[in-house]
file structure_1.cif (mmCIF, C-alpha atoms)
data_run
loop_
_atom_site.group_PDB
_atom_site.id
_atom_site.type_symbol
_atom_site.label_atom_id
_atom_site.label_comp_id
_atom_site.auth_asym_id
_atom_site.auth_seq_id
_atom_site.Cartn_x
_atom_site.Cartn_y
_atom_site.Cartn_z
ATOM 1 C CA MET A 1 105.872 141.177 -59.341
ATOM 2 C CA PHE A 2 109.185 142.213 -60.856
ATOM 3 C CA ASN A 3 109.614 145.807 -62.010
ATOM 4 C CA PHE A 4 110.132 145.938 -65.772
ATOM 5 C CA GLU A 5 110.689 149.696 -66.025
ATOM 6 C CA LEU A 6 114.282 149.844 -64.789
ATOM 7 C CA LEU A 7 115.317 152.648 -67.110
ATOM 8 C CA ARG A 8 112.584 154.935 -65.767
ATOM 9 C CA ASN A 9 114.114 154.718 -62.283
ATOM 10 C CA VAL A 10 117.727 155.351 -63.314
ATOM 11 C CA THR A 11 118.312 159.061 -62.742
ATOM 12 C CA ILE A 12 122.123 159.133 -62.568
ATOM 13 C CA GLY A 13 123.578 159.988 -65.954
ATOM 14 C CA GLN A 14 120.361 161.567 -67.294
ATOM 15 C CA TYR A 15 120.810 165.199 -68.365
ATOM 16 C CA ILE A 16 117.696 167.392 -68.166
ATOM 17 C CA PRO A 17 118.237 170.801 -69.857
ATOM 18 C CA THR A 18 115.948 173.246 -68.050
ATOM 19 C CA GLY A 19 118.235 176.271 -68.418
ATOM 20 C CA SER A 20 118.189 177.024 -64.690
ATOM 21 C CA VAL A 21 120.841 178.894 -62.752
ATOM 22 C CA ILE A 22 122.148 175.548 -61.466
ATOM 23 C CA HIS A 23 122.693 174.390 -65.044
ATOM 24 C CA ARG A 24 124.758 177.503 -65.785
ATOM 25 C CA LEU A 25 127.194 176.887 -62.947
ATOM 26 C CA ASP A 26 130.699 175.687 -63.688
ATOM 27 C CA PRO A 27 130.852 171.878 -63.367
ATOM 28 C CA ARG A 28 133.858 172.234 -61.063
ATOM 29 C CA ALA A 29 131.761 174.326 -58.671
ATOM 30 C CA LYS A 30 129.007 171.689 -58.672
ATOM 31 C CA ILE A 31 131.429 168.846 -58.011
ATOM 32 C CA VAL A 32 133.269 170.674 -55.213
ATOM 33 C CA ALA A 33 130.030 171.831 -53.557
ATOM 34 C CA THR A 34 128.584 168.299 -53.716
ATOM 35 C CA ILE A 35 131.680 166.693 -52.186
ATOM 36 C CA VAL A 36 131.844 169.320 -49.426
ATOM 37 C CA LEU A 37 128.173 168.883 -48.469
ATOM 38 C CA ILE A 38 128.329 165.069 -48.533
ATOM 39 C CA LEU A 39 131.429 165.024 -46.318
ATOM 40 C CA ALA A 40 129.901 167.553 -43.927
ATOM 41 C CA ILE A 41 126.636 165.714 -43.383
ATOM 42 C CA SER A 42 128.437 162.362 -43.076
ATOM 43 C CA PHE A 43 130.041 163.519 -39.816
ATOM 44 C CA ASN A 44 126.819 164.881 -38.294
ATOM 45 C CA ARG A 45 124.464 162.614 -36.373
ATOM 46 C CA SER A 46 121.872 165.268 -35.527
ATOM 47 C CA LEU A 47 118.380 164.812 -36.932
ATOM 48 C CA VAL A 48 117.884 168.570 -37.048
ATOM 49 C CA ALA A 49 121.063 168.987 -39.106
ATOM 50 C CA ASN A 50 119.993 166.245 -41.509
ATOM 51 C CA ILE A 51 116.537 167.813 -41.867
ATOM 52 C CA LEU A 52 118.235 171.118 -42.676
ATOM 53 C CA PHE A 53 120.465 169.356 -45.205
ATOM 54 C CA ALA A 54 117.444 167.681 -46.848
ATOM 55 C CA ALA A 55 115.627 171.036 -46.998
ATOM 56 C CA VAL A 56 118.639 172.628 -48.723
ATOM 57 C CA VAL A 57 118.852 169.769 -51.231
ATOM 58 C CA PHE A 58 115.124 170.053 -51.980
ATOM 59 C CA GLY A 59 115.605 173.801 -52.450
ATOM 60 C CA ILE A 60 118.410 173.165 -54.948
ATOM 61 C CA THR A 61 116.122 170.728 -56.794
ATOM 62 C CA ALA A 62 113.421 173.386 -57.040
ATOM 63 C CA LEU A 63 115.998 175.953 -58.156
ATOM 64 C CA ALA A 64 117.143 173.547 -60.889
ATOM 65 C CA ARG A 65 113.495 173.276 -62.044
ATOM 66 C CA ILE A 66 113.539 169.471 -61.959
ATOM 67 C CA ARG A 67 110.531 167.525 -60.704
ATOM 68 C CA PHE A 68 110.951 165.979 -57.272
ATOM 69 C CA SER A 69 109.170 162.814 -58.388
ATOM 70 C CA TYR A 70 111.725 162.230 -61.133
ATOM 71 C CA VAL A 71 114.735 162.649 -58.848
ATOM 72 C CA ALA A 72 113.122 160.434 -56.201
ATOM 73 C CA ARG A 73 112.945 157.563 -58.692
ATOM 74 C CA GLY A 74 116.594 156.864 -57.949
ATOM 75 C CA ILE A 75 115.577 155.677 -54.480
ATOM 76 C CA LEU A 76 113.191 153.028 -55.835
ATOM 77 C CA LEU A 77 115.940 150.729 -57.135
ATOM 78 C CA GLY A 78 117.609 150.655 -53.726
ATOM 79 C CA LEU A 79 114.457 150.198 -51.672
ATOM 80 C CA PRO A 80 115.008 146.454 -50.964
ATOM 81 C CA ALA A 81 118.535 147.117 -49.662
ATOM 82 C CA LEU A 82 117.368 150.130 -47.647
ATOM 83 C CA ALA A 83 114.495 148.161 -46.146
ATOM 84 C CA LEU A 84 116.918 145.409 -45.106
ATOM 85 C CA ILE A 85 119.245 147.956 -43.479
ATOM 86 C CA PHE A 86 116.380 149.591 -41.600
ATOM 87 C CA VAL A 87 115.086 146.235 -40.342
ATOM 88 C CA MET A 88 118.574 145.238 -39.141
ATOM 89 C CA GLN A 89 118.948 148.550 -37.328
ATOM 90 C CA LEU A 90 115.543 148.129 -35.750
ATOM 91 C CA LEU A 91 116.339 144.604 -34.559
ATOM 92 C CA PHE A 92 119.912 144.961 -33.339
ATOM 93 C CA GLN A 93 120.444 148.621 -32.421
ATOM 94 C CA GLY A 94 117.745 148.498 -29.753
ATOM 95 C CA TRP A 95 120.156 146.721 -27.405
ATOM 96 C CA VAL A 96 122.951 149.275 -27.798
ATOM 97 C CA GLU A 97 123.571 151.221 -24.600
ATOM 98 C CA PRO A 98 122.340 153.789 -23.789
ATOM 99 C CA PRO A 99 119.113 152.905 -25.647
ATOM 100 C CA GLY A 100 117.191 156.017 -24.604
ATOM 101 C CA ARG A 101 113.466 155.661 -24.171
ATOM 102 C CA ILE A 102 112.113 152.159 -24.827
ATOM 103 C CA PHE A 103 108.889 152.283 -26.858
ATOM 104 C CA PHE A 104 108.292 148.553 -27.241
ATOM 105 C CA GLU A 105 109.941 145.418 -25.911
ATOM 106 C CA TRP A 106 108.929 141.812 -26.463
ATOM 107 C CA GLY A 107 111.410 138.995 -26.061
ATOM 108 C CA TRP A 108 114.490 139.779 -28.105
ATOM 109 C CA LEU A 109 112.768 142.619 -29.976
ATOM 110 C CA ARG A 110 113.266 146.076 -28.526
ATOM 111 C CA ILE A 111 112.325 149.355 -30.233
ATOM 112 C CA THR A 112 114.087 152.296 -28.632
ATOM 113 C CA ARG A 113 114.630 155.953 -29.294
ATOM 114 C CA TYR A 114 118.184 155.211 -30.438
ATOM 115 C CA SER A 115 117.147 152.634 -33.065
ATOM 116 C CA LEU A 116 114.425 154.918 -34.443
ATOM 117 C CA HIS A 117 116.936 157.774 -34.455
ATOM 118 C CA LEU A 118 119.333 155.726 -36.593
ATOM 119 C CA ILE A 119 116.587 154.748 -39.041
ATOM 120 C CA ALA A 120 115.433 158.360 -39.483
ATOM 121 C CA LEU A 121 119.056 159.494 -39.794
ATOM 122 C CA SER A 122 119.821 156.895 -42.469
ATOM 123 C CA LEU A 123 116.665 157.732 -44.412
ATOM 124 C CA LEU A 124 117.441 161.457 -44.453
ATOM 125 C CA ARG A 125 121.072 160.898 -45.410
ATOM 126 C CA VAL A 126 120.366 158.442 -48.216
ATOM 127 C CA THR A 127 117.630 160.673 -49.627
ATOM 128 C CA GLY A 128 119.884 163.721 -49.524
ATOM 129 C CA PHE A 129 122.833 161.856 -51.065
ATOM 130 C CA ILE A 130 120.751 160.436 -53.922
ATOM 131 C CA PHE A 131 119.133 163.791 -54.645
ATOM 132 C CA LEU A 132 122.444 165.656 -54.548
ATOM 133 C CA THR A 133 124.427 163.246 -56.714
ATOM 134 C CA SER A 134 121.573 162.910 -59.183
ATOM 135 C CA LEU A 135 121.308 166.682 -59.518
ATOM 136 C CA VAL A 136 124.971 166.910 -60.548
ATOM 137 C CA THR A 137 124.395 164.678 -63.575
ATOM 138 C CA MET A 138 120.944 166.101 -64.318
ATOM 139 C CA THR A 139 122.264 169.661 -64.522
ATOM 140 C CA SER A 140 125.571 168.912 -66.299
ATOM 141 C CA THR A 141 126.334 167.076 -69.484
ATOM 142 C CA ILE A 142 128.747 164.153 -69.443
ATOM 143 C CA THR A 143 131.269 166.269 -71.349
ATOM 144 C CA GLU A 144 131.076 169.084 -68.789
ATOM 145 C CA LEU A 145 131.565 166.663 -65.912
ATOM 146 C CA THR A 146 134.537 165.103 -67.679
ATOM 147 C CA HIS A 147 136.265 168.438 -68.147
ATOM 148 C CA GLY A 148 135.384 169.446 -64.589
ATOM 149 C CA VAL A 149 136.900 166.311 -63.033
ATOM 150 C CA GLU A 150 139.980 166.576 -65.237
ATOM 151 C CA ARG A 151 140.565 170.223 -64.266
ATOM 152 C CA LEU A 152 140.114 169.480 -60.579
ATOM 153 C CA LEU A 153 142.588 166.592 -60.710
ATOM 154 C CA ALA A 154 145.093 168.387 -62.977
ATOM 155 C CA PRO A 155 147.227 169.734 -60.062
ATOM 156 C CA PHE A 156 147.749 166.155 -58.839
ATOM 157 C CA ARG A 157 149.356 165.024 -62.096
ATOM 158 C CA ARG A 158 152.742 166.051 -60.728
ATOM 159 C CA PHE A 159 152.249 163.367 -58.062
ATOM 160 C CA GLY A 160 151.480 160.720 -60.659
ATOM 161 C CA VAL A 161 147.682 160.938 -60.568
ATOM 162 C CA PRO A 162 146.307 160.255 -64.095
ATOM 163 C CA SER A 163 143.686 163.001 -64.132
ATOM 164 C CA HIS A 164 142.660 162.575 -67.763
ATOM 165 C CA GLU A 165 142.341 158.804 -67.467
ATOM 166 C CA LEU A 166 140.236 159.075 -64.293
ATOM 167 C CA ALA A 167 137.980 161.634 -65.962
ATOM 168 C CA LEU A 168 137.589 159.310 -68.947
ATOM 169 C CA ILE A 169 136.640 156.407 -66.657
ATOM 170 C CA LEU A 170 134.022 158.603 -64.979
ATOM 171 C CA THR A 171 132.630 159.621 -68.357
ATOM 172 C CA ILE A 172 132.324 156.050 -69.600
ATOM 173 C CA ALA A 173 130.770 154.884 -66.311
ATOM 174 C CA LEU A 174 128.111 157.611 -66.300
ATOM 175 C CA ARG A 175 127.457 157.216 -70.000
ATOM 176 C CA PHE A 176 126.787 153.489 -69.762
ATOM 177 C CA VAL A 177 124.620 153.486 -66.610
ATOM 178 C CA PRO A 178 121.394 154.070 -68.633
ATOM 179 C CA THR A 179 122.647 151.707 -71.327
ATOM 180 C CA LEU A 180 123.246 148.872 -68.856
ATOM 181 C CA ALA A 181 119.845 149.490 -67.261
ATOM 182 C CA GLU A 182 118.203 149.230 -70.678
ATOM 183 C CA GLU A 183 120.174 146.063 -71.421
ATOM 184 C CA LEU A 184 119.151 144.513 -68.089
ATOM 185 C CA GLU A 185 115.515 145.377 -68.729
ATOM 186 C CA ARG A 186 115.694 143.678 -72.130
ATOM 187 C CA ILE A 187 117.297 140.548 -70.610
ATOM 188 C CA ILE A 188 114.627 140.361 -67.889
ATOM 189 C CA LYS A 189 111.819 140.498 -70.422
ATOM 190 C CA ALA A 190 113.529 137.872 -72.582
ATOM 191 C CA GLN A 191 114.028 135.513 -69.638
ATOM 192 C CA LEU A 192 110.457 135.966 -68.399
ATOM 193 C CA SER A 193 109.120 135.231 -71.871
ATOM 194 C CA ARG A 194 110.957 131.901 -71.633
ATOM 195 C CA GLY A 195 109.259 131.048 -68.335
ATOM 196 C CA ALA A 196 112.023 132.082 -65.916
ATOM 197 C CA GLU A 197 111.046 132.952 -62.328
ATOM 198 C CA ILE A 198 112.611 136.264 -61.319
ATOM 199 C CA GLY A 199 111.929 138.183 -58.126
ATOM 200 C CA GLY A 200 109.456 137.572 -55.346
ATOM 201 C CA ARG A 201 111.845 135.467 -53.221
ATOM 202 C CA PHE A 202 113.968 138.025 -51.441
ATOM 203 C CA TRP A 203 113.624 136.113 -48.143
ATOM 204 C CA ARG A 204 115.475 133.169 -49.741
ATOM 205 C CA PRO A 205 118.998 134.289 -50.743
ATOM 206 C CA ASP A 206 119.754 130.949 -52.387
ATOM 207 C CA LYS A 207 116.631 131.120 -54.549
ATOM 208 C CA THR A 208 117.291 134.769 -55.365
ATOM 209 C CA ALA A 209 120.890 134.061 -56.446
ATOM 210 C CA ARG A 210 119.767 131.161 -58.636
ATOM 211 C CA ALA A 211 117.054 133.335 -60.217
ATOM 212 C CA LEU A 212 119.394 136.264 -60.870
ATOM 213 C CA LEU A 213 122.156 134.147 -62.425
ATOM 214 C CA PRO A 214 120.482 134.106 -65.895
ATOM 215 C CA LEU A 215 120.456 137.927 -65.701
ATOM 216 C CA ILE A 216 123.944 138.626 -64.400
ATOM 217 C CA VAL A 217 125.854 136.405 -66.845
ATOM 218 C CA PRO A 218 124.457 137.895 -70.099
ATOM 219 C CA LEU A 219 124.628 141.401 -68.603
ATOM 220 C CA PHE A 220 128.349 141.059 -67.877
ATOM 221 C CA LEU A 221 129.004 139.443 -71.247
ATOM 222 C CA GLY A 222 127.223 142.330 -72.950
ATOM 223 C CA ALA A 223 129.202 144.852 -70.896
ATOM 224 C CA PHE A 224 132.511 143.209 -71.864
ATOM 225 C CA ARG A 225 131.452 143.189 -75.509
ATOM 226 C CA ARG A 226 130.577 146.886 -75.381
ATOM 227 C CA ALA A 227 133.909 147.644 -73.687
ATOM 228 C CA GLU A 228 135.814 145.832 -76.428
ATOM 229 C CA GLU A 229 133.883 147.657 -79.133
ATOM 230 C CA LEU A 230 134.584 150.965 -77.404
ATOM 231 C CA VAL A 231 138.328 150.231 -77.247
ATOM 232 C CA LEU A 232 138.429 149.368 -80.955
ATOM 233 C CA ALA A 233 136.471 152.508 -81.829
ATOM 234 C CA MET A 234 138.826 154.720 -79.791
ATOM 235 C CA GLU A 235 141.899 153.130 -81.372
ATOM 236 C CA ALA A 236 140.414 153.527 -84.854
ATOM 237 C CA ARG A 237 139.957 157.243 -84.168
ATOM 238 C CA GLY A 238 143.546 157.670 -82.988
ATOM 239 C CA TYR A 239 142.785 158.293 -79.341
ATOM 240 C CA ILE A 240 145.839 159.277 -77.294
ATOM 241 C CA SER A 241 145.696 159.902 -73.562
ATOM 242 C CA GLY A 242 148.028 162.034 -71.507
ATOM 243 C CA ASP A 243 149.216 165.626 -71.218
ATOM 244 C CA GLY A 244 149.566 166.170 -74.952
ATOM 245 C CA ARG A 245 145.815 166.421 -75.534
ATOM 246 C CA THR A 246 144.080 169.744 -76.096
ATOM 247 C CA ASN A 247 140.466 170.580 -75.237
ATOM 248 C CA TYR A 248 137.826 172.190 -77.379
ATOM 249 C CA ILE A 249 135.924 173.362 -74.282
ATOM 250 C CA GLU A 250 137.661 175.712 -71.840
ATOM 251 C CA LEU A 251 136.096 176.219 -68.422
ATOM 252 C CA HIS A 252 136.000 179.714 -66.928
ATOM 253 C CA ALA A 253 134.772 180.274 -63.395
ATOM 254 C CA ARG A 254 132.508 183.246 -62.764
ATOM 255 C CA ALA A 255 131.485 185.120 -59.648
ATOM 256 C CA LEU A 256 128.362 182.976 -59.353
ATOM 257 C CA ASP A 257 130.501 179.828 -59.186
ATOM 258 C CA TYR A 258 132.585 181.213 -56.325
ATOM 259 C CA ILE A 259 129.417 182.234 -54.508
ATOM 260 C CA ALA A 260 127.986 178.707 -54.875
ATOM 261 C CA VAL A 261 131.148 177.097 -53.491
ATOM 262 C CA GLY A 262 131.283 179.669 -50.688
ATOM 263 C CA LEU A 263 127.686 178.935 -49.698
ATOM 264 C CA ALA A 264 128.450 175.200 -49.709
ATOM 265 C CA LEU A 265 131.469 175.747 -47.439
ATOM 266 C CA LEU A 266 129.403 177.947 -45.139
ATOM 267 C CA LEU A 267 126.669 175.321 -44.895
ATOM 268 C CA ALA A 268 129.275 172.600 -44.317
ATOM 269 C CA ALA A 269 130.803 174.592 -41.455
ATOM 270 C CA LEU A 270 127.327 175.058 -39.993
ATOM 271 C CA LEU A 271 126.591 171.330 -40.236
ATOM 272 C CA ILE A 272 129.901 170.322 -38.651
ATOM 273 C CA TRP A 273 130.409 172.842 -35.856
ATOM 274 C CA SER A 274 126.965 174.183 -35.007
ATOM 275 C CA PRO A 275 125.480 172.694 -31.779
ATOM 276 C CA PHE A 276 122.099 171.599 -33.122
ATOM 277 C CA PRO A 277 119.455 170.927 -30.462
ATOM 278 C CA ALA A 278 117.699 167.586 -30.194
ATOM 279 C CA LEU A 279 114.524 167.189 -32.231
ATOM 280 C CA ARG A 280 112.439 166.456 -29.130
ATOM 281 C CA ASP A 281 113.555 169.777 -27.596
ATOM 282 C CA LEU A 282 112.288 171.653 -30.652
ATOM 283 C CA LEU A 283 108.954 169.820 -30.627
ATOM 284 C CA ALA A 284 108.367 170.165 -26.887
ATOM 285 C CA PRO A 285 107.034 173.778 -27.096
ATOM 286 C CA LEU A 286 104.479 172.526 -29.666
ATOM 287 C CA GLY A 287 103.112 170.049 -27.173
ATOM 288 C CA ILE A 288 104.670 167.032 -28.912
ATOM 289 C CA THR A 289 106.298 164.921 -26.233
ATOM 290 C CA GLY A 290 107.178 161.295 -25.731
ATOM 291 C CA LEU A 291 109.961 161.170 -28.329
#
call {"tool": "encode", "arguments": {"input": "structure_1.cif", "output": "structure tokens"}}
result
Amino acid sequence: MFNFELLRNVTIGQYIPTGSVIHRLDPRAKIVATIVLILAISFNRSLVANILFAAVVFGITALARIRFSYVARGILLGLPALALIFVMQLLFQGWVEPPGRIFFEWGWLRITRYSLHLIALSLLRVTGFIFLTSLVTMTSTITELTHGVERLLAPFRRFGVPSHELALILTIALRFVPTLAEELERIIKAQLSRGAEIGGRFWRPDKTARALLPLIVPLFLGAFRRAEELVLAMEARGYISGDGRTNYIELHARALDYIAVGLALLLAALLIWSPFPALRDLLAPLGITGL
């Protein structure tokens, strides 16, 4: 059965004003801390390090006073792709040398410690990435993120980087993510009311592509129409890009912002250079063996 409630599962671009200490941070501090943590955990293949990273992200979620169930909805839309990735890792990574301990082998199917390690690693990373990126938009308004990105990219303008234009693109993209999800949900319901068969055939790529074609075409046409209307509205209001623009909102970093970035750098250094032990070594004193 196809999921009608797409908008309920779109967490990126949704601002939730809880008034927490995370909300009061400078948007530049949030962006820098997020980029630093994502880059740090991307270079670490330790399960213990990824568990620590997930625990920190969950702690930030609790500190932001946002429900875990709401943030986790962002994973639901990508579950089919994640399931496919995990199955491919389970099928093909079992023959990579050295495989480690072999738990099951039958014909061409081999489940090893290495393949299970990759699946757990991918699950922890994807969960942490989705939580972290969603928290940035949930704790900052689109306007704050725009000014934050523009200020961070401002020093690169001397090298020809259009900081204001890139910040504007980010703003429009985040702003229209919920709108496009709502539009897609409306198209799905309209097509199903006309007897279209959507979903339920993910094992047949040809059938899936043919079923999704009536959704993709009107969605892109609607997106192009909205883009044209947005351009006309900006021109009618005299929009001018470039260095000559002034800002109503001025960002001022506080001590708390520097502390947040410093903690992110400290955690990143720990994730990159700390020699984390293997998970089986930590569980061995508890009597859990065989991993």
call {"tool": "closest_residue", "arguments": {"input": "structure_1.cif", "among": "A:Leu37, A:Leu82, A:Ala264, A:Leu166", "to": "Leu153 of chain A", "atoms": "all atoms listed in the file"}}
result
A:Leu166
call {"tool": "residues_around", "arguments": {"input": "structure_1.cif", "residues": "segment 248-253 of chain A", "least_positions_apart": "5", "cutoff": "9 Å", "atoms": "all atoms listed in the file", "output": "JSON, numbers by chain"}}
result
{"A": [25, 26, 27, 28, 29, 143, 144, 147, 148, 151, 258]}
call {"tool": "atom_distance", "arguments": {"input": "structure_1.cif", "atom1": "atom CA of Ile75 of chain A", "atom2": "atom CA of Phe176 of chain A"}}
result
19.1 Å
call {"tool": "residues_around", "arguments": {"input": "structure_1.cif", "residues": "Ile169 of chain A", "least_positions_apart": "3", "cutoff": "12 Å", "atoms": "only C-alpha atoms", "output": "ChimeraX atom specification"}}
result
/A:142,145-146,149-150,162-166,172-176,227,241
call {"tool": "atom_distance", "arguments": {"input": "structure_1.cif", "atom1": "atom CA of Ser134 of chain A", "atom2": "atom CA of Ala255 of chain A"}}
result
24.3 Å
call {"tool": "resolve_selection", "arguments": {"input": "structure_1.cif", "expression": "the PyMOL selection byres ((chain A and resi 11) around 12)", "output": "number ranges by chain"}}
result
A: 6-10, 12-16, 66-77, 130-139, 174-175, 177-178, 181
call {"tool": "resolve_selection", "arguments": {"input": "structure_1.cif", "expression": "the PyMOL selection byres ((chain A and resi 223) around 12)", "output": "list in words"}}
result
Ile172, Ala173, Phe176, Val177, Thr179, Leu180, Ala181, Glu182, Glu183, Leu184, Ile216, Val217, Pro218, Leu219, Phe220, Leu221, Gly222, Phe224, Arg225, Arg226, Ala227, Glu228, Glu229 and Leu230 of chain A
call {"tool": "closest_residue", "arguments": {"input": "structure_1.cif", "among": "A:Val56, A:Leu91, A:Ile38, A:Ala62", "to": "Val126 of chain A", "atoms": "only C-alpha atoms"}}
result
A:Ile38
call {"tool": "atom_distance", "arguments": {"input": "structure_1.cif", "atom1": "atom CA of Val48 of chain A", "atom2": "atom CA of Val21 of chain A"}}
result
27.9 Å
call {"tool": "axis_aligned_box", "arguments": {"input": "structure_1.cif", "around": "segment 120-127 of chain A", "padding_each_side": "6 Å", "output": "AutoDock Vina command-line options"}}
result
--center_x 118.3 --center_y 159.2 --center_z -44.6 --size_x 17.6 --size_y 16.6 --size_z 22.1
call {"tool": "residues_around", "arguments": {"input": "structure_1.cif", "residues": "Ala269 of chain A", "least_positions_apart": "6", "cutoff": "12 Å", "atoms": "all atoms listed in the file", "output": "list in words"}}
result
Val36, Leu37, Leu39, Ala40, Ile41, Phe43, Asn44, Ala49, Gly262, Leu263 and Pro275 of chain A
call {"tool": "residues_near_point", "arguments": {"input": "structure_1.cif", "point": "(115.2, 151.6, -40.3)", "cutoff": "9 Å", "atoms": "only C-alpha atoms", "output": "PDB file with C-alpha atoms, keeping the file's coordinate frame"}}
result
ATOM      1  CA  LEU A  82     117.368 150.130 -47.647  1.00  0.00           C
ATOM      2  CA  ALA A  83     114.495 148.161 -46.146  1.00  0.00           C
ATOM      3  CA  LEU A  84     116.918 145.409 -45.106  1.00  0.00           C
ATOM      4  CA  ILE A  85     119.245 147.956 -43.479  1.00  0.00           C
ATOM      5  CA  PHE A  86     116.380 149.591 -41.600  1.00  0.00           C
ATOM      6  CA  VAL A  87     115.086 146.235 -40.342  1.00  0.00           C
ATOM      7  CA  MET A  88     118.574 145.238 -39.141  1.00  0.00           C
ATOM      8  CA  GLN A  89     118.948 148.550 -37.328  1.00  0.00           C
ATOM      9  CA  LEU A  90     115.543 148.129 -35.750  1.00  0.00           C
ATOM     10  CA  SER A 115     117.147 152.634 -33.065  1.00  0.00           C
ATOM     11  CA  LEU A 116     114.425 154.918 -34.443  1.00  0.00           C
ATOM     12  CA  HIS A 117     116.936 157.774 -34.455  1.00  0.00           C
ATOM     13  CA  LEU A 118     119.333 155.726 -36.593  1.00  0.00           C
ATOM     14  CA  ILE A 119     116.587 154.748 -39.041  1.00  0.00           C
ATOM     15  CA  ALA A 120     115.433 158.360 -39.483  1.00  0.00           C
ATOM     16  CA  LEU A 121     119.056 159.494 -39.794  1.00  0.00           C
ATOM     17  CA  SER A 122     119.821 156.895 -42.469  1.00  0.00           C
ATOM     18  CA  LEU A 123     116.665 157.732 -44.412  1.00  0.00           C
TER      19      LEU A 123
END
